[in-house]
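Chemist: Have a peek at target_6.txt (compact mmCIF, C-alpha atoms and all ligand atoms).
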```
# COMPACT_ATOMS: atom_id res chain seq x y z
CA MET A 1 106.77 111.73 113.42
CA ALA A 2 103.34 111.07 114.75
CA LEU A 3 100.82 108.28 114.82
CA ARG A 4 97.68 108.92 112.79
CA ASN A 5 94.21 107.58 113.36
CA ILE A 6 93.24 104.65 111.18
CA VAL A 7 89.83 105.01 109.54
CA THR A 8 87.69 101.88 109.67
CA GLU A 9 85.15 100.33 107.34
CA GLY A 10 81.86 102.19 107.17
CA ASP A 11 83.63 105.55 106.84
CA PRO A 12 82.87 106.94 103.34
CA ILE A 13 86.51 108.10 103.05
CA LEU A 14 87.51 104.51 102.30
CA ARG A 15 85.11 104.39 99.34
CA LYS A 16 86.34 107.37 97.35
CA GLN A 17 88.83 107.48 94.52
CA CYS A 18 91.94 109.34 95.65
CA LYS A 19 93.44 112.31 93.80
CA PRO A 20 96.98 112.37 92.42
CA VAL A 21 99.69 113.76 94.71
CA GLY A 22 101.73 115.39 91.94
CA GLU A 23 104.82 116.61 93.72
CA VAL A 24 106.51 114.98 96.72
CA THR A 25 106.80 118.00 99.01
CA GLU A 26 108.14 118.05 102.57
CA ARG A 27 104.56 117.84 103.78
CA ILE A 28 103.98 114.67 101.73
CA GLN A 29 107.22 113.18 103.10
CA MET A 30 106.04 113.93 106.62
CA ILE A 31 102.72 112.17 105.95
CA LEU A 32 104.55 109.15 104.46
CA ASP A 33 106.79 108.95 107.53
CA ASP A 34 103.75 109.14 109.80
CA MET A 35 102.09 106.41 107.74
CA VAL A 36 105.12 104.10 108.17
CA GLU A 37 105.09 104.72 111.91
CA THR A 38 101.32 104.14 112.09
CA MET A 39 101.57 100.93 110.02
CA ARG A 40 104.30 99.56 112.29
CA ASP A 41 102.47 100.54 115.45
CA ALA A 42 99.38 98.68 114.21
CA GLU A 43 101.53 95.71 113.12
CA GLY A 44 100.38 95.97 109.51
CA VAL A 45 102.32 95.28 106.32
CA GLY A 46 100.78 98.13 104.36
CA LEU A 47 98.85 101.36 104.79
CA ALA A 48 97.26 103.61 102.18
CA ALA A 49 96.68 107.35 102.59
CA PRO A 50 92.84 107.14 102.68
CA GLN A 51 93.19 104.84 105.71
CA VAL A 52 94.52 107.84 107.62
CA GLY A 53 91.90 110.15 106.11
CA ILE A 54 94.02 111.58 103.29
CA MET A 55 92.45 111.33 99.85
CA ARG A 56 95.71 111.17 97.89
CA ARG A 57 97.22 108.44 95.76
CA MET A 58 100.01 107.10 97.96
CA PHE A 59 100.72 104.13 100.17
CA VAL A 60 103.48 102.58 102.24
CA ALA A 61 104.27 98.88 102.58
CA GLU A 62 106.63 96.71 104.58
CA PRO A 63 106.04 93.14 103.39
CA GLU A 64 109.09 92.03 105.38
CA PRO A 65 110.64 93.75 108.42
CA GLU A 66 112.94 96.64 107.42
CA ARG A 67 111.97 96.43 103.73
CA VAL A 68 109.85 99.56 103.39
CA TYR A 69 108.36 100.93 100.17
CA CYS A 70 106.67 104.27 99.62
CA PHE A 71 104.64 104.63 96.43
CA VAL A 72 103.31 108.02 95.36
CA ASP A 73 101.01 108.20 92.31
CA PRO A 74 101.61 104.50 91.59
CA GLU A 75 100.59 102.80 88.36
CA ILE A 76 100.33 99.07 87.84
CA VAL A 77 102.22 98.35 84.62
CA THR A 78 101.52 94.62 84.28
CA LEU A 79 99.66 91.89 86.14
CA GLU A 80 100.29 88.18 85.61
CA GLY A 81 98.98 84.89 86.89
CA GLU A 82 96.78 84.23 89.86
CA GLN A 83 97.24 83.22 93.50
CA GLU A 84 95.01 82.74 96.49
CA SER A 85 95.70 85.04 99.40
CA LEU A 86 94.49 85.25 102.98
CA GLU A 87 94.21 88.93 103.83
CA GLY A 88 93.33 91.26 106.59
CA CYS A 89 93.16 95.04 106.65
CA LEU A 90 93.87 97.56 109.40
CA SER A 91 90.59 99.24 108.39
CA VAL A 92 88.59 96.03 108.82
CA PRO A 93 89.65 94.85 112.29
CA GLY A 94 89.00 91.31 113.44
CA MET A 95 88.40 89.85 109.99
CA THR A 96 90.35 87.98 107.36
CA GLY A 97 89.27 86.85 103.94
CA THR A 98 90.37 84.78 101.00
CA VAL A 99 91.03 86.83 97.86
CA MET A 100 92.29 85.92 94.39
CA ARG A 101 95.22 88.14 93.45
CA PRO A 102 97.71 88.29 90.59
CA GLU A 103 100.86 86.21 91.15
CA ARG A 104 103.16 88.90 89.77
CA ILE A 105 102.89 92.62 89.21
CA ARG A 106 105.07 95.38 87.89
CA ILE A 107 104.38 98.69 89.55
CA ARG A 108 105.90 102.11 89.19
CA GLY A 109 105.54 105.40 90.98
CA LEU A 110 107.46 108.04 92.86
CA ASP A 111 109.37 107.14 95.99
CA ARG A 112 109.67 109.13 99.24
CA TYR A 113 112.15 111.46 97.55
CA GLY A 114 110.08 112.08 94.42
CA LYS A 115 112.22 109.77 92.28
CA MET A 116 110.56 107.41 89.79
CA GLN A 117 110.91 103.76 90.82
CA GLU A 118 109.71 100.58 89.15
CA TYR A 119 109.57 97.14 90.77
CA ASP A 120 108.54 93.61 89.93
CA PHE A 121 106.84 91.89 92.84
CA GLU A 122 105.60 88.35 93.24
CA GLY A 123 103.98 86.18 95.89
CA MET A 124 103.24 87.96 99.17
CA ASP A 125 104.81 91.23 97.96
CA ALA A 126 102.45 91.34 94.97
CA ILE A 127 99.47 90.73 97.26
CA VAL A 128 100.41 93.60 99.55
CA MET A 129 100.94 96.04 96.66
CA CYS A 130 97.62 95.08 95.00
CA HIS A 131 95.75 95.42 98.29
CA GLU A 132 97.19 98.89 98.98
CA PHE A 133 96.68 100.03 95.39
CA ASP A 134 93.00 99.05 95.62
CA HIS A 135 92.58 101.42 98.58
CA LEU A 136 93.42 104.33 96.25
CA GLU A 137 90.45 103.33 94.11
CA GLY A 138 88.10 103.06 97.09
CA VAL A 139 88.16 99.27 96.92
CA LEU A 140 88.51 97.05 100.00
CA TYR A 141 89.59 93.40 99.96
CA ILE A 142 86.19 92.45 101.41
CA ASP A 143 84.66 93.46 98.05
CA LYS A 144 86.77 90.83 96.30
CA ALA A 145 86.88 88.14 98.97
CA VAL A 146 85.54 84.73 97.97
CA GLU A 147 85.30 83.81 101.66
CA MET A 148 85.38 85.83 104.89
CA HIS A 149 86.49 84.65 108.32
CA ASP A 150 85.60 86.30 111.62
CA MET A 151 88.69 85.97 113.83
CA ASN A 152 86.57 86.13 116.99
CA GLU A 153 84.57 83.04 116.15
ZN ZN B 201 93.77 97.50 103.67
```
Go ahead and render the structure in this file as structure tokens.
Ligand code: ZN
Modeler:
Amino acid sequence: MALRNIVTEGDPILRKQCKPVGEVTERIQMILDDMVETMRDAEGVGLAAPQVGIMRRMFVAEPEPERVYCFVDPEIVTLEGEQESLEGCLSVPGMTGTVMRPERIRIRGLDRYGKMQEYDFEGMDAIVMCHEFDHLEGVLYIDKAVEMHDMNE
């Protein structure tokens, strides 16, 4: 496994819609493993492929230590409710912002082994999944934030 460079805001890579992965090959698994390692190294709870310069629809998340998800070609099946979330992003260092997110989501997609998985998430988990999913569409949380906070102020 290897750490990958995290792309930061201002790089056009973060603003493009990603292409489907299709098949979970060994190469894709290697990238997912690198993404998990990179996310942990940066002390993040999620990381999407475009954040490491790969324009493919996949992300990893670890909303709680040792609870890791890999989603390849994810689809959001349902969204329900609303909650306020305070978010940061590894691609927008030094900032946090308040964002309105769904309270619950159902999401499905392939896992690290190419098997279809479907999960219901709520609370913090739902926030993380929505945030990472947005990256695949070229959307950053700062686009949706109702308030931004500079952590250095
Ligand atoms: Zn992010």
Chemist: Using all atoms listed in the file, what residues lie at most 8 Å away from (98.9, 108.8, 92.3) (file coordinates), given as a short mmCIF file (atom, residue, chain, number, x, y, z; two decimals) with C-alpha atoms, in the frame of the given file?
Modeler:
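This is the output file selection01.cif:
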```cif
data_model
loop_
_atom_site.label_atom_id
_atom_site.label_comp_id
_atom_site.auth_asym_id
_atom_site.auth_seq_id
_atom_site.Cartn_x
_atom_site.Cartn_y
_atom_site.Cartn_z
CA CYS A 18 91.94 109.34 95.65
CA LYS A 19 93.44 112.31 93.80
CA PRO A 20 96.98 112.37 92.42
CA VAL A 21 99.69 113.76 94.71
CA GLY A 22 101.73 115.39 91.94
CA ARG A 56 95.71 111.17 97.89
CA ARG A 57 97.22 108.44 95.76
CA MET A 58 100.01 107.10 97.96
CA VAL A 72 103.31 108.02 95.36
CA ASP A 73 101.01 108.20 92.31
CA PRO A 74 101.61 104.50 91.59
CA GLU A 75 100.59 102.80 88.36
CA GLY A 109 105.54 105.40 90.98
#
```
Chemist: How far is it from CA of Asp41 (chain A) to CA of Ala61 (chain A), in Å with one decimal?
Modeler: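 Rounded to one decimal, the two atoms are 13.1 Å apart.
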Chemist: Which residues of chain A come within 9 Å of ligand ZN 201 (chain B), and for each one, what is the closest pair of atoms and their distance in Å to one decimal, counting all atoms listed in the file, sorted by chain and residue number, as CSV?
Modeler:
```
residue,atom,partner,partner_atom,distance
A:Gly44,CA,B:ZN201,ZN,9.0
A:Gly46,CA,B:ZN201,ZN,7.1
A:Leu47,CA,B:ZN201,ZN,6.5
A:Ala48,CA,B:ZN201,ZN,7.2
A:Gln51,CA,B:ZN201,ZN,7.6
A:Glu87,CA,B:ZN201,ZN,8.6
A:Gly88,CA,B:ZN201,ZN,6.9
A:Cys89,CA,B:ZN201,ZN,3.9
A:Leu90,CA,B:ZN201,ZN,5.7
A:Ser91,CA,B:ZN201,ZN,6.0
A:Val92,CA,B:ZN201,ZN,7.5
A:Val128,CA,B:ZN201,ZN,8.7
A:His131,CA,B:ZN201,ZN,6.1
A:Glu132,CA,B:ZN201,ZN,6.0
A:Asp134,CA,B:ZN201,ZN,8.2
A:His135,CA,B:ZN201,ZN,6.5
A:Val139,CA,B:ZN201,ZN,9.0
A:Leu140,CA,B:ZN201,ZN,6.4
A:Tyr141,CA,B:ZN201,ZN,6.9
```
Chemist: For Ile31 (chain A), please output as a PDB file with C-alpha atoms, in the coordinates of the input all residues within 10 Å (counting all atoms listed in the file; exclusion window: fewer than 4 positions along the same chain).
Modeler:
```pdb
ATOM      1  CA  MET A   1     106.770 111.730 113.420  1.00  0.00           C
ATOM      2  CA  ALA A   2     103.340 111.070 114.750  1.00  0.00           C
ATOM      3  CA  LEU A   3     100.820 108.280 114.820  1.00  0.00           C
ATOM      4  CA  ARG A   4      97.680 108.920 112.790  1.00  0.00           C
ATOM      5  CA  THR A  25     106.800 118.000  99.010  1.00  0.00           C
ATOM      6  CA  GLU A  26     108.140 118.050 102.570  1.00  0.00           C
ATOM      7  CA  ARG A  27     104.560 117.840 103.780  1.00  0.00           C
ATOM      8  CA  MET A  35     102.090 106.410 107.740  1.00  0.00           C
ATOM      9  CA  VAL A  36     105.120 104.100 108.170  1.00  0.00           C
ATOM     10  CA  GLU A  37     105.090 104.720 111.910  1.00  0.00           C
ATOM     11  CA  ALA A  49      96.680 107.350 102.590  1.00  0.00           C
ATOM     12  CA  VAL A  52      94.520 107.840 107.620  1.00  0.00           C
ATOM     13  CA  ILE A  54      94.020 111.580 103.290  1.00  0.00           C
ATOM     14  CA  MET A  58     100.010 107.100  97.960  1.00  0.00           C
TER      15      MET A  58
END
```
Chemist: Using all atoms listed in the file, which residue out of A:Glu64, A:Asp33, A:Glu9, A:Asp150 lies closest to Tyr113 (chain A)?
Modeler: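 Ranking A:Glu64, A:Asp33, A:Glu9, A:Asp150 by distance to Tyr113 (chain A), first place goes to A:Asp33.
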Chemist: Between CA of Gly10 (chain A) and CA of Met124 (chain A), what distance in Å does the model show, to one decimal?
Modeler: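 Interatomic distance here is 26.9 Å.
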Chemist: Using only C-alpha atoms for the distances, tell me which of A:Met151, A:Val45, A:Val60, A:Ile6 is nearest to Arg112 (chain A).
Modeler: A:Val60
Chemist: Can you work out the spacing between CA of Thr96 (chain A) and CA of His149 (chain A) in Å, to one decimal?
Modeler: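 Spanning CA of Thr96 (chain A) to CA of His149 (chain A) is a straight-line distance of 5.2 Å.
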Chemist: Box along x, y and z, 3 Å on every side, all listed atoms of region 128-139 of chain A inside: centre and edge lengths in Å to one decimal, as lines of an AutoDock Vina configuration file.
Modeler:
```
center_x = 94.5
center_y = 99.0
center_z = 96.8
size_x = 18.8
size_y = 16.7
size_z = 11.4
```
Chemist: When distances are computed from all atoms listed in the file, which of A:Glu103, A:Leu110, A:Phe59, A:Glu118 shows the smallest separation from Val77 (chain A)?
Modeler: A:Glu118
Chemist: Quick one: everything within 12 Å of Glu153 (chain A), counting all atoms listed in the file, minus sequence neighbours fewer than 5 positions away in the same chain. Send it as a CSV table (one decimal) with C-alpha atoms, in the frame of the given file.
Modeler:
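For reference, selection-v1.csv as written:
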```csv
chain,number,residue,atom,x,y,z
A,94,GLY,CA,89.0,91.3,113.4
A,95,MET,CA,88.4,89.8,110.0
A,96,THR,CA,90.4,88.0,107.4
A,148,MET,CA,85.4,85.8,104.9
```
Chemist: Taking into account all atoms listed in the file, which residue in the set A:Glu62, A:Glu43, A:Asp34, A:Glu23 is nearest to Ala126 (chain A)?
Modeler: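 Among the listed residues, the smallest separation from Ala126 (chain A) belongs to A:Glu62.
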Chemist: Identify, on the basis of all atoms listed in the file, every residue whose closest approach to Ile76 (chain A) does not exceed 7 Å; exclude the query and any residue fewer than 3 positions from it along the same chain; express the result as an mmCIF file with C-alpha atoms, in the frame of the given file.
Modeler:
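Final output, saved to selection.cif:
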```
data_model
loop_
_atom_site.group_PDB
_atom_site.id
_atom_site.type_symbol
_atom_site.label_atom_id
_atom_site.label_comp_id
_atom_site.auth_asym_id
_atom_site.auth_seq_id
_atom_site.Cartn_x
_atom_site.Cartn_y
_atom_site.Cartn_z
ATOM 1 C CA ARG A 106 105.070 95.380 87.890
ATOM 2 C CA ILE A 107 104.380 98.690 89.550
ATOM 3 C CA ARG A 108 105.900 102.110 89.190
#
```
Chemist: Can you find the residues with an atom no farther than 12 Å from (95.7, 83.3, 89.2), counting only C-alpha atoms, and report them as a short mmCIF file (atom, residue, chain, number, x, y, z; two decimals) with C-alpha atoms, keeping the file's coordinate frame?
Modeler:
```cif
data_model
loop_
_atom_site.label_atom_id
_atom_site.label_comp_id
_atom_site.auth_asym_id
_atom_site.auth_seq_id
_atom_site.Cartn_x
_atom_site.Cartn_y
_atom_site.Cartn_z
CA LEU A 79 99.66 91.89 86.14
CA GLU A 80 100.29 88.18 85.61
CA GLY A 81 98.98 84.89 86.89
CA GLU A 82 96.78 84.23 89.86
CA GLN A 83 97.24 83.22 93.50
CA GLU A 84 95.01 82.74 96.49
CA SER A 85 95.70 85.04 99.40
CA VAL A 99 91.03 86.83 97.86
CA MET A 100 92.29 85.92 94.39
CA ARG A 101 95.22 88.14 93.45
CA PRO A 102 97.71 88.29 90.59
CA GLU A 103 100.86 86.21 91.15
CA ARG A 104 103.16 88.90 89.77
CA ILE A 105 102.89 92.62 89.21
CA GLU A 122 105.60 88.35 93.24
CA GLY A 123 103.98 86.18 95.89
CA ALA A 126 102.45 91.34 94.97
CA ILE A 127 99.47 90.73 97.26
#
```
Chemist: For each of A:Gly97, A:Ile13, A:Met116, A:Cys130, take the minimum atom-to-atom distance to Asp143 (chain A), counting only C-alpha atoms, then give the residue where this is smallest.
Modeler: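 When distances to Asp143 (chain A) are compared using only C-alpha atoms, the smallest one comes from A:Gly97.
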Chemist: Using only C-alpha atoms, which of the listed residues (A:Pro50, A:Pro65, A:Met55, A:Cys70) sits closest to Lys115 (chain A)?
Modeler: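 Answer, going by the shortest atom-to-atom distance: A:Cys70.
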